Structure formats: structure tokens, C-alpha cells
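Next comes target38.cif, a file with mmCIF, C-alpha atoms.
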```cif
data_my_file
loop_
_atom_site.label_atom_id
_atom_site.label_comp_id
_atom_site.auth_asym_id
_atom_site.auth_seq_id
_atom_site.Cartn_x
_atom_site.Cartn_y
_atom_site.Cartn_z
CA ALA A 24 -85.59 54.04 12.75
CA GLU A 25 -84.84 50.39 13.59
CA LEU A 26 -82.72 51.41 16.58
CA SER A 27 -85.44 53.74 17.84
CA THR A 28 -88.05 50.98 17.55
CA TYR A 29 -85.83 48.51 19.42
CA ASN A 30 -85.16 50.99 22.22
CA SER A 31 -88.88 51.75 22.55
CA TYR A 32 -90.08 48.16 22.69
CA PHE A 33 -87.16 46.13 24.02
CA GLY A 34 -84.52 48.43 25.49
CA VAL A 35 -85.76 48.32 29.08
CA LEU A 36 -86.08 44.51 29.14
CA PHE A 37 -83.16 43.46 26.95
CA GLY A 38 -80.66 46.30 27.37
CA PRO A 39 -78.79 48.28 24.71
CA LEU A 40 -77.77 47.07 21.26
CA ILE A 41 -74.13 47.06 20.20
CA GLN A 42 -73.15 47.59 16.57
CA VAL A 43 -69.55 47.19 15.40
CA PRO A 44 -67.82 46.86 12.02
CA SER A 45 -66.74 43.30 11.28
CA VAL A 46 -64.91 43.11 7.93
CA ALA A 47 -64.24 45.37 4.95
CA THR A 48 -66.04 44.47 1.76
CA SER A 49 -66.71 45.73 -1.74
CA VAL A 50 -69.37 45.61 -4.42
CA ALA A 51 -67.80 44.19 -7.56
CA ILE A 52 -69.23 44.74 -11.04
CA PRO A 53 -69.11 41.39 -12.88
CA TYR A 54 -69.77 41.51 -16.61
CA LYS A 55 -69.76 39.40 -19.77
CA LYS A 56 -69.30 41.11 -23.10
CA ALA A 57 -67.79 39.49 -26.17
CA GLY A 58 -64.63 41.30 -27.25
CA GLN A 59 -64.37 43.20 -23.97
CA THR A 60 -61.69 42.07 -21.52
CA ALA A 61 -60.70 45.31 -19.80
CA LEU A 62 -63.95 47.10 -19.00
CA ASN A 63 -63.47 50.38 -17.16
CA LEU A 64 -66.54 52.37 -16.12
CA THR A 65 -66.78 55.75 -14.47
CA SER A 66 -69.22 56.33 -11.64
CA ALA A 67 -71.37 58.30 -14.09
CA GLN A 68 -71.45 55.29 -16.42
CA LEU A 69 -72.50 53.08 -13.51
CA CYS A 70 -75.43 55.46 -13.03
CA ASP A 71 -76.27 55.13 -16.72
CA VAL A 72 -76.17 51.32 -16.49
CA PHE A 73 -78.25 50.82 -13.36
CA ALA A 74 -80.66 53.67 -14.00
CA GLY A 75 -81.24 52.30 -17.51
CA ASN A 76 -80.22 55.54 -19.21
CA LYS A 77 -78.07 53.64 -21.71
CA THR A 78 -79.66 50.49 -23.10
CA THR A 79 -76.91 49.22 -25.45
CA TRP A 80 -73.21 48.66 -24.96
CA GLY A 81 -72.48 50.99 -27.84
CA ALA A 82 -74.42 53.82 -26.24
CA LEU A 83 -72.57 53.21 -22.97
CA LEU A 84 -69.08 52.96 -24.42
CA GLY A 85 -69.40 55.21 -27.46
CA SER A 86 -69.25 52.53 -30.14
CA ALA A 87 -71.56 51.02 -32.75
CA ASP A 88 -72.26 47.92 -30.65
CA ASN A 89 -76.03 47.32 -30.52
CA THR A 90 -75.85 44.51 -27.94
CA PRO A 91 -78.51 45.22 -25.28
CA ILE A 92 -77.27 45.84 -21.75
CA ARG A 93 -78.78 43.10 -19.56
CA VAL A 94 -78.62 44.11 -15.90
CA VAL A 95 -78.65 41.41 -13.21
CA TYR A 96 -79.74 42.81 -9.85
CA ARG A 97 -80.61 41.57 -6.37
CA ASN A 98 -84.39 41.19 -6.03
CA ILE A 99 -84.34 40.93 -2.25
CA SER A 100 -83.20 43.36 0.42
CA SER A 101 -79.41 43.24 0.66
CA GLY A 102 -76.44 45.13 2.02
CA THR A 103 -74.79 44.72 -1.37
CA THR A 104 -77.57 46.78 -2.94
CA GLU A 105 -77.29 49.38 -0.18
CA ILE A 106 -73.56 49.89 -0.76
CA LEU A 107 -74.12 50.27 -4.51
CA ALA A 108 -77.08 52.59 -4.04
CA ARG A 109 -75.22 54.72 -1.49
CA HIS A 110 -72.44 55.41 -3.99
CA LEU A 111 -74.84 56.05 -6.88
CA ASN A 112 -76.87 58.41 -4.69
CA SER A 113 -73.68 60.38 -4.00
CA VAL A 114 -72.96 60.64 -7.74
CA CYS A 115 -76.41 60.94 -9.33
CA PRO A 116 -78.89 61.78 -6.53
CA SER A 117 -81.69 62.55 -8.98
CA GLN A 118 -81.65 58.91 -10.09
CA PHE A 119 -80.91 56.93 -6.90
CA ILE A 120 -81.65 57.02 -3.21
CA THR A 121 -79.94 54.85 -0.60
CA SER A 122 -81.94 51.67 -0.07
CA THR A 123 -81.38 47.97 0.50
CA ASN A 124 -83.95 47.25 -2.22
CA PHE A 125 -82.87 47.82 -5.83
CA THR A 126 -86.26 48.76 -7.26
CA ASN A 127 -86.78 51.26 -4.43
CA ALA A 128 -83.29 52.72 -4.84
CA ARG A 129 -83.91 53.61 -8.51
CA LEU A 130 -85.97 56.73 -8.98
CA PRO A 131 -88.88 56.89 -9.25
CA SER A 132 -88.96 54.20 -6.58
CA GLY A 133 -90.80 51.06 -7.60
CA SER A 134 -90.89 51.96 -11.29
CA ALA A 135 -90.92 49.15 -13.85
CA LEU A 136 -87.58 47.71 -14.92
CA PRO A 137 -86.57 46.99 -18.53
CA SER A 138 -87.94 43.65 -19.69
CA ASN A 139 -84.50 42.09 -20.26
CA TRP A 140 -83.23 42.83 -16.73
CA VAL A 141 -83.05 39.86 -14.38
CA GLY A 142 -83.61 39.79 -10.62
CA VAL A 143 -81.94 37.05 -8.54
CA ALA A 144 -81.66 36.33 -4.84
CA SER A 145 -77.98 35.96 -3.96
CA ASN A 146 -74.55 37.25 -4.91
CA PHE A 147 -73.69 33.82 -6.32
CA ASP A 148 -76.87 33.93 -8.43
CA VAL A 149 -75.78 37.30 -9.82
CA VAL A 150 -72.45 35.94 -11.03
CA THR A 151 -74.09 32.84 -12.52
CA ALA A 152 -76.73 34.89 -14.35
CA VAL A 153 -74.17 37.36 -15.69
CA ASN A 154 -71.99 34.55 -17.05
CA ALA A 155 -74.98 32.91 -18.74
CA VAL A 156 -75.75 35.63 -21.32
CA ASP A 157 -73.46 37.88 -23.36
CA GLY A 158 -74.07 41.57 -22.75
CA SER A 159 -74.81 41.09 -19.05
CA ILE A 160 -73.57 43.18 -16.14
CA GLY A 161 -74.46 43.14 -12.46
CA TYR A 162 -73.19 43.77 -8.95
CA SER A 163 -72.15 41.36 -6.22
CA GLY A 164 -70.03 40.95 -3.14
CA PRO A 165 -66.42 39.73 -3.53
CA ASP A 166 -66.94 36.16 -2.30
CA GLY A 167 -66.52 33.68 -5.16
CA LEU A 168 -65.15 36.27 -7.60
CA THR A 169 -61.61 36.82 -8.82
CA VAL A 170 -61.81 40.54 -8.21
CA ALA A 171 -58.37 41.24 -9.68
CA ASN A 172 -59.37 39.81 -13.08
CA ASN A 173 -60.49 42.73 -15.25
CA ALA A 174 -61.75 40.30 -17.90
CA VAL A 175 -64.68 39.36 -15.64
CA VAL A 176 -64.86 42.27 -13.15
CA ALA A 177 -65.04 45.87 -14.30
CA ARG A 178 -62.74 48.55 -13.04
CA VAL A 179 -64.55 51.54 -11.57
CA ASN A 180 -62.79 54.82 -12.33
CA GLY A 181 -59.74 52.76 -13.24
CA VAL A 182 -59.65 50.76 -9.99
CA LEU A 183 -60.39 47.09 -9.27
CA PRO A 184 -61.94 45.95 -5.95
CA THR A 185 -58.80 44.37 -4.54
CA LEU A 186 -58.32 44.24 -0.76
CA ALA A 187 -55.64 46.91 -0.99
CA ASN A 188 -57.91 49.27 -2.91
CA VAL A 189 -60.80 48.64 -0.51
CA ALA A 190 -58.53 49.36 2.47
CA LEU A 191 -57.39 52.60 0.84
CA ALA A 192 -60.99 53.67 0.28
CA LEU A 193 -61.85 53.13 3.94
CA SER A 194 -58.62 54.56 5.38
CA SER A 195 -60.22 57.95 6.05
CA VAL A 196 -62.78 56.55 8.50
CA ALA A 197 -62.33 57.99 11.99
CA LEU A 198 -63.03 56.21 15.26
CA PRO A 199 -66.30 57.13 17.03
CA ASN A 200 -66.14 60.21 19.24
CA THR A 201 -69.39 59.18 20.97
CA PRO A 202 -68.97 55.45 21.74
CA TYR A 203 -72.49 55.24 23.19
CA ASN A 204 -74.01 55.93 19.76
CA PRO A 205 -74.28 52.67 17.74
CA ALA A 206 -74.59 54.62 14.48
CA GLN A 207 -71.02 55.89 14.88
CA TRP A 208 -69.75 52.30 14.89
CA ALA A 209 -71.10 51.77 11.34
CA PRO A 210 -68.99 54.18 9.28
CA VAL A 211 -69.92 54.78 5.64
CA VAL A 212 -67.86 56.32 2.85
CA PRO A 213 -70.27 56.76 -0.09
CA ASN A 214 -67.70 58.28 -2.46
CA PRO A 215 -64.15 57.77 -1.16
CA ALA A 216 -61.45 60.11 -2.40
CA ALA A 217 -59.02 57.26 -3.09
CA GLY A 218 -59.16 53.52 -3.66
CA TYR A 219 -62.19 51.57 -4.84
CA LYS A 220 -65.44 53.53 -4.87
CA LEU A 221 -67.87 50.77 -3.82
CA ALA A 222 -66.38 49.91 -0.44
CA ALA A 223 -67.87 49.58 3.03
CA TYR A 224 -67.78 47.68 6.30
CA THR A 225 -70.22 44.93 7.14
CA ASN A 226 -71.41 45.10 10.73
CA LEU A 227 -72.29 42.85 13.64
CA ILE A 228 -75.28 43.73 15.82
CA PHE A 229 -75.78 42.02 19.17
CA GLY A 230 -77.13 42.73 22.63
CA GLN A 231 -75.09 44.02 25.52
CA CYS A 232 -77.09 42.12 28.14
CA TYR A 233 -77.93 38.39 28.45
CA LYS A 234 -79.82 36.66 31.25
CA ASP A 235 -77.87 33.44 30.64
CA ALA A 236 -74.27 34.02 31.71
CA GLY A 237 -73.17 31.12 29.51
CA VAL A 238 -74.57 32.82 26.40
CA ALA A 239 -72.82 36.05 27.36
CA SER A 240 -69.58 34.12 27.78
CA ASP A 241 -69.94 32.49 24.36
CA VAL A 242 -70.63 35.82 22.64
CA ARG A 243 -67.70 37.42 24.42
CA ALA A 244 -65.38 34.55 23.46
CA PHE A 245 -66.24 34.84 19.76
CA LEU A 246 -65.80 38.60 19.75
CA THR A 247 -62.52 38.35 21.68
CA LYS A 248 -61.13 36.09 18.97
CA HIS A 249 -62.57 38.09 16.08
CA TYR A 250 -61.18 41.40 17.33
CA SER A 251 -57.78 40.06 18.33
CA VAL A 252 -54.77 40.37 16.01
CA PRO A 253 -54.77 38.58 13.61
CA GLY A 254 -58.07 37.08 14.81
CA ASN A 255 -60.23 35.75 11.97
CA VAL A 256 -58.39 37.64 9.22
CA ALA A 257 -57.39 34.53 7.25
CA ALA A 258 -60.96 33.22 7.17
CA GLY A 259 -62.26 36.58 5.97
CA VAL A 260 -59.61 37.02 3.30
CA ALA A 261 -60.43 33.54 1.97
CA HIS A 262 -63.88 34.91 1.10
CA GLY A 263 -62.66 38.22 -0.31
CA PHE A 264 -63.20 40.31 2.84
CA GLY A 265 -60.60 42.70 4.22
CA PRO A 266 -59.54 42.96 7.87
CA LEU A 267 -60.67 45.67 10.22
CA PRO A 268 -57.78 48.07 10.99
CA THR A 269 -56.01 47.38 14.28
CA ASN A 270 -57.05 50.70 15.83
CA TRP A 271 -60.71 49.78 15.26
CA LYS A 272 -60.15 46.28 16.70
CA ASN A 273 -58.55 47.82 19.78
CA ALA A 274 -61.42 50.27 20.17
CA VAL A 275 -64.04 47.50 19.98
CA THR A 276 -62.11 45.44 22.53
CA ALA A 277 -61.64 48.35 24.92
CA ASN A 278 -65.28 49.45 24.82
CA PHE A 279 -67.28 46.25 24.50
CA LEU A 280 -65.10 43.46 25.90
CA THR A 281 -62.69 44.68 28.59
CA ASN A 282 -64.30 48.02 29.53
CA SER A 283 -60.83 49.52 29.83
CA THR A 284 -62.39 52.80 28.66
CA GLY A 285 -64.69 52.85 31.68
CA ASN A 286 -67.69 53.50 29.42
CA ASN A 287 -69.64 50.51 30.83
CA LEU A 288 -70.50 49.33 27.31
CA ASP A 289 -69.07 45.84 27.76
CA ILE A 290 -71.14 42.65 27.55
CA ASN A 291 -73.15 41.98 30.73
CA ASN A 292 -71.73 45.01 32.49
CA PRO A 293 -73.15 44.67 36.04
CA TYR A 294 -74.21 48.30 36.31
CA VAL A 295 -76.13 48.23 33.01
CA CYS A 296 -77.38 44.65 32.86
CA ASN A 297 -78.39 44.01 36.47
CA GLY A 298 -81.54 41.84 36.21
CA ILE A 299 -82.18 42.45 32.52
CA GLY A 300 -81.04 40.84 29.31
CA ARG A 301 -81.93 38.91 26.22
CA PRO A 302 -83.47 35.52 27.11
CA LEU A 303 -81.27 33.68 24.57
#
```
Serialized structure, C-alpha cells:
Amino acid sequence: AELSTYNSYFGVLFGPLIQVPSVATSVAIPYKKAGQTALNLTSAQLCDVFAGNKTTWGALLGSADNTPIRVVYRNISSGTTEILARHLNSVCPSQFITSTNFTNARLPSGSALPSNWVGVASNFDVVTAVNAVDGSIGYSGPDGLTVANNAVVARVNGVLPTLANVALALSSVALPNTPYNPAQWAPVVPNPAAGYKLAAYTNLIFGQCYKDAGVASDVRAFLTKHYSVPGNVAAGVAHGFGPLPTNWKNAVTANFLTNSTGNNLDINNPYVCNGIGRPL
């Protein structure tokens, strides 16, 4: 819908949009529960937690523990919520739809949340709020978390969100067969057959055409570095993000930077961008 709106209102003046995957990421499940240092939840149990079907830790784990489950969620639109909701929708579609907004993702959309649940703005706020109260659980991106530490991050179906497990989950993603379609450059795997279940790519969206040749040059220079090998891998890994596979990097370079494919999708291609482009 957003792409259609852009094309209708801005496509003729500004030129096409380009969307490409940037880094691999995960949605970790941080938790704090006294006496629990090796939490392992199935996808069905994640549905029970975030749908509110199970309200105590005992009900969730089959014990006599009456500690209330306190869910910490993102109260603003976020890609982290979308990745979580996409997986839950694939597992329990009667309880979740795919949405960037948590209260809309839970069905019925917009319904009231339990009074002890806490909404916060950022991933860092999620981790802080979870650590503040025993019995808490939430979801966040990998940045700032020790994702290999099962004492603070839950396994999902026996698997932790390490970079290796995220890469395995995304290994089935195929290159676009229609490079002109931006949607094909944003692959999703809602319920991967192997690896960590809550895995996805984050994407970059930018214009193909720029009126200022200097701006086009700057954009091209950044993308050339980012999609080189190793490119910005070290910087991404430092924040918990996995690298894009080399075949995807090569495909981005060939289509949008060098035009070696001959698809005329590259930045400021003279046949596409003649006299048009974003003003900045």
C-alpha cells in the first residue's frame, strides 16, 4: 500500500524507490524469573504469553508457580513487533495478525491488555523494564543483549538467537526473480524450518533518482561500501546484526550500483532519471 501511494503521488517526479536487505536480525525474548536460568519456550508457548492465554508462570510451564507473567511490549510502531507478529501469525493465526503495532497484532485488534503489562518505546527500554521486575518477559532486537546467555534470553524451540542460528533460519531465502519489484528485495521467513524462528532482514529504502549529482554520489558511495565484502560487517556484528550473504550483496551491487545486469535500476541511471529526481 505504501509503495502504491508513493508511485501514485511521487513516482513521476522523484523516480522509483529501491528497497534492499541490509543486515540480518532477530527478535530475542528477554526474561527475568527467579529460579529460572534456562528458559525454553515453544512457538505455541510464545503465543500463550503474548496473547495472554496463560497469566502465571506455573500455567505456562506446568508448575505450581503463581508468579504473574508481566509482558513488556513495544507501544510504538516497530519492525521488532512486526517480526514477532509475523511468526506468531504463522503459528496461531486466530490470535495474531502481522502488524508493526503490538495492540493491533493481537486479536481482536485494539483490545485491552492485562493491567500488569507494560508498554515502552524502545528495545533498550524493553530490556530495562524486564530486568526491573521478577516474572517479566518481553521481546527486543539483539543490540545490547547477550543473546547466547540463556539465563537472560529464552530459547525458542530449543534455539538461541545467535548469529549462526539467524543465518541458518534465513539460508532458504532465494534471490529475486523479478528485480524490478521492490517487494522481492524484502524477503520474509515467518516460520523457518531450521535455525532461530524469529529472524528477518532489516531493509534500506532509498530513491533511484536524485537531482543533485553530489547527493547521488554520496548515496552510491555508502552503498558501495556497505555491499562490498566484508563491507560494514564488523560494525553490524558489534550491534548483534548478521551480515547479508555474499550472493545477495553481489546482486544488490549488480542491479543498483554498477548496472552490470543491464536492468537500468542503478542510481541516477540516465535513461530512467533524465530530468527527474528527489530534490535532496
Choose the residue, out of A:Arg109, A:His249, A:Arg97, A:Arg178, that has the smallest atom-to-atom separation from Asn146 (chain A); count all atoms listed in the file.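 Residue with the minimum atom-to-atom distance to Asn146 (chain A): A:Arg97.
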For region 38-84 of chain A against region 291-302 of chain A, with a cut-off of 12 Å and counting all atoms listed in the file, what is the closest atom pair and its distance in Å to one decimal for every residue that makes the cut, ordered by chain and number, as a Markdown table?
```
| residue | atom | partner | partner_atom | distance |
| --- | --- | --- | --- | --- |
| A:Gly38 | CA | A:Gly300 | CA | 5.8 |
| A:Pro39 | CA | A:Val295 | CA | 8.7 |
| A:Leu40 | CA | A:Arg301 | CA | 10.4 |
| A:Ile41 | CA | A:Asn291 | CA | 11.7 |
```
Starting from the displayed file, determine the output of the PyMOL selection byres ((chain A and resi 274) around 10) and express the residue list as a list in words.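 Against this file, the PyMOL selection byres ((chain A and resi 274) around 10) returns the residues Val43, Leu198, Pro199, Pro202, Tyr250, Thr269, Asn270, Trp271, Lys272, Asn273, Val275, Thr276, Ala277, Asn278, Phe279, Leu280, Ser283 and Thr284 of chain A.
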So what do you get for CA of Gly81 (chain A) versus CA of Leu69 (chain A), distance-wise?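 These atoms are spaced 14.5 Å apart.
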To one decimal place in Å, what is the distance between CA of Cys115 (chain A) and CA of Ala82 (chain A)? 18.5 Å
Between A:Val211, A:Ile99, A:Leu107, A:Val260, single out the one closest to Thr121 (chain A), counting only C-alpha atoms.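 Result for the nearest residue to Thr121 (chain A): A:Leu107.
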Gap from CA of Val175 (chain A) to CA of Ser159 (chain A) - Å, one decimal: 10.8 Å
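Minimum distance to Val94 (chain A) across A:Thr126, A:Asn30, A:Asn139, A:Asn255 (counting only C-alpha atoms) occurs at A:Asn139.
Every protein or nucleic acid residue with an atom no more than 10 Å from Asp148 (chain A), counting all atoms listed in the file and leaving out same-chain residues fewer than 3 positions away, appears here: Val95, Tyr96, Arg97, Gly142, Val143, Ala144, Ser145, Thr151, Ala152, Val153, Asn154 and Ser163 of chain A.
Proximity to Ile120 (chain A) at 9 Å, evaluated using only C-alpha atoms and with sequence-adjacent residues fewer than 2 positions away removed, yields Ala108, Arg109, Leu111, Asn112, Ser113, Cys115, Pro116, Ser117, Gln118, Ser122, Asn127, Ala128, Arg129, Leu130 and Ser132 of chain A.
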Go ahead and dump the residues you just picked, C-alpha atoms, as an mmCIF file, in the frame of the given file.
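Resulting contents of again-v3.cif:
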```cif
data_model
loop_
_atom_site.group_PDB
_atom_site.id
_atom_site.type_symbol
_atom_site.label_atom_id
_atom_site.label_comp_id
_atom_site.auth_asym_id
_atom_site.auth_seq_id
_atom_site.Cartn_x
_atom_site.Cartn_y
_atom_site.Cartn_z
ATOM 1 C CA ALA A 108 -77.080 52.590 -4.040
ATOM 2 C CA ARG A 109 -75.220 54.720 -1.490
ATOM 3 C CA LEU A 111 -74.840 56.050 -6.880
ATOM 4 C CA ASN A 112 -76.870 58.410 -4.690
ATOM 5 C CA SER A 113 -73.680 60.380 -4.000
ATOM 6 C CA CYS A 115 -76.410 60.940 -9.330
ATOM 7 C CA PRO A 116 -78.890 61.780 -6.530
ATOM 8 C CA SER A 117 -81.690 62.550 -8.980
ATOM 9 C CA GLN A 118 -81.650 58.910 -10.090
ATOM 10 C CA SER A 122 -81.940 51.670 -0.070
ATOM 11 C CA ASN A 127 -86.780 51.260 -4.430
ATOM 12 C CA ALA A 128 -83.290 52.720 -4.840
ATOM 13 C CA ARG A 129 -83.910 53.610 -8.510
ATOM 14 C CA LEU A 130 -85.970 56.730 -8.980
ATOM 15 C CA SER A 132 -88.960 54.200 -6.580
#
```
Here is a test: counting only C-alpha atoms, which residue of A:Gln68, A:Ser134, A:Thr281, A:Thr79 is nearest to Ala244 (chain A)? A:Thr281
Once the PyMOL selection byres ((chain A and resi 181-192) around 6) has been evaluated on this model, what residues remain selected, and can you format them as JSON, numbers by chain? {"A": [63, 170, 178, 179, 180, 193, 194, 215, 217, 218, 219, 222, 265]}
Quick one: which region 144-195 of chain A residues come within 9 Å of region 54-60 of chain A, and what is the nearest atom pair for each with the distance in Å to one decimal, counting all atoms listed in the file, rows ordered by chain and ascending number, as CSV?
```
residue,atom,partner,partner_atom,distance
A:Val150,CA,A:Tyr54,CA,8.3
A:Val153,CA,A:Tyr54,CA,6.1
A:Asn154,CA,A:Lys55,CA,6.0
A:Ala155,CA,A:Lys55,CA,8.4
A:Val156,CA,A:Lys55,CA,7.2
A:Asp157,CA,A:Lys56,CA,5.3
A:Gly158,CA,A:Lys56,CA,4.8
A:Ser159,CA,A:Lys55,CA,5.4
A:Ile160,CA,A:Tyr54,CA,4.2
A:Gly161,CA,A:Tyr54,CA,6.5
A:Tyr162,CA,A:Tyr54,CA,8.7
A:Asn173,CA,A:Thr60,CA,6.4
A:Ala174,CA,A:Thr60,CA,4.0
A:Val175,CA,A:Tyr54,CA,5.6
A:Val176,CA,A:Tyr54,CA,6.1
A:Ala177,CA,A:Tyr54,CA,6.8
```
Requested write-out: C-alpha atoms of the selected residues, as a PDB file, in the coordinates of the input:
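Produced file out03.pdb, reproduced below:
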```
ATOM      1  CA  VAL A 150     -72.450  35.940 -11.030  1.00  0.00           C
ATOM      2  CA  VAL A 153     -74.170  37.360 -15.690  1.00  0.00           C
ATOM      3  CA  ASN A 154     -71.990  34.550 -17.050  1.00  0.00           C
ATOM      4  CA  ALA A 155     -74.980  32.910 -18.740  1.00  0.00           C
ATOM      5  CA  VAL A 156     -75.750  35.630 -21.320  1.00  0.00           C
ATOM      6  CA  ASP A 157     -73.460  37.880 -23.360  1.00  0.00           C
ATOM      7  CA  GLY A 158     -74.070  41.570 -22.750  1.00  0.00           C
ATOM      8  CA  SER A 159     -74.810  41.090 -19.050  1.00  0.00           C
ATOM      9  CA  ILE A 160     -73.570  43.180 -16.140  1.00  0.00           C
ATOM     10  CA  GLY A 161     -74.460  43.140 -12.460  1.00  0.00           C
ATOM     11  CA  TYR A 162     -73.190  43.770  -8.950  1.00  0.00           C
ATOM     12  CA  ASN A 173     -60.490  42.730 -15.250  1.00  0.00           C
ATOM     13  CA  ALA A 174     -61.750  40.300 -17.900  1.00  0.00           C
ATOM     14  CA  VAL A 175     -64.680  39.360 -15.640  1.00  0.00           C
ATOM     15  CA  VAL A 176     -64.860  42.270 -13.150  1.00  0.00           C
ATOM     16  CA  ALA A 177     -65.040  45.870 -14.300  1.00  0.00           C
TER      17      ALA A 177
END
```
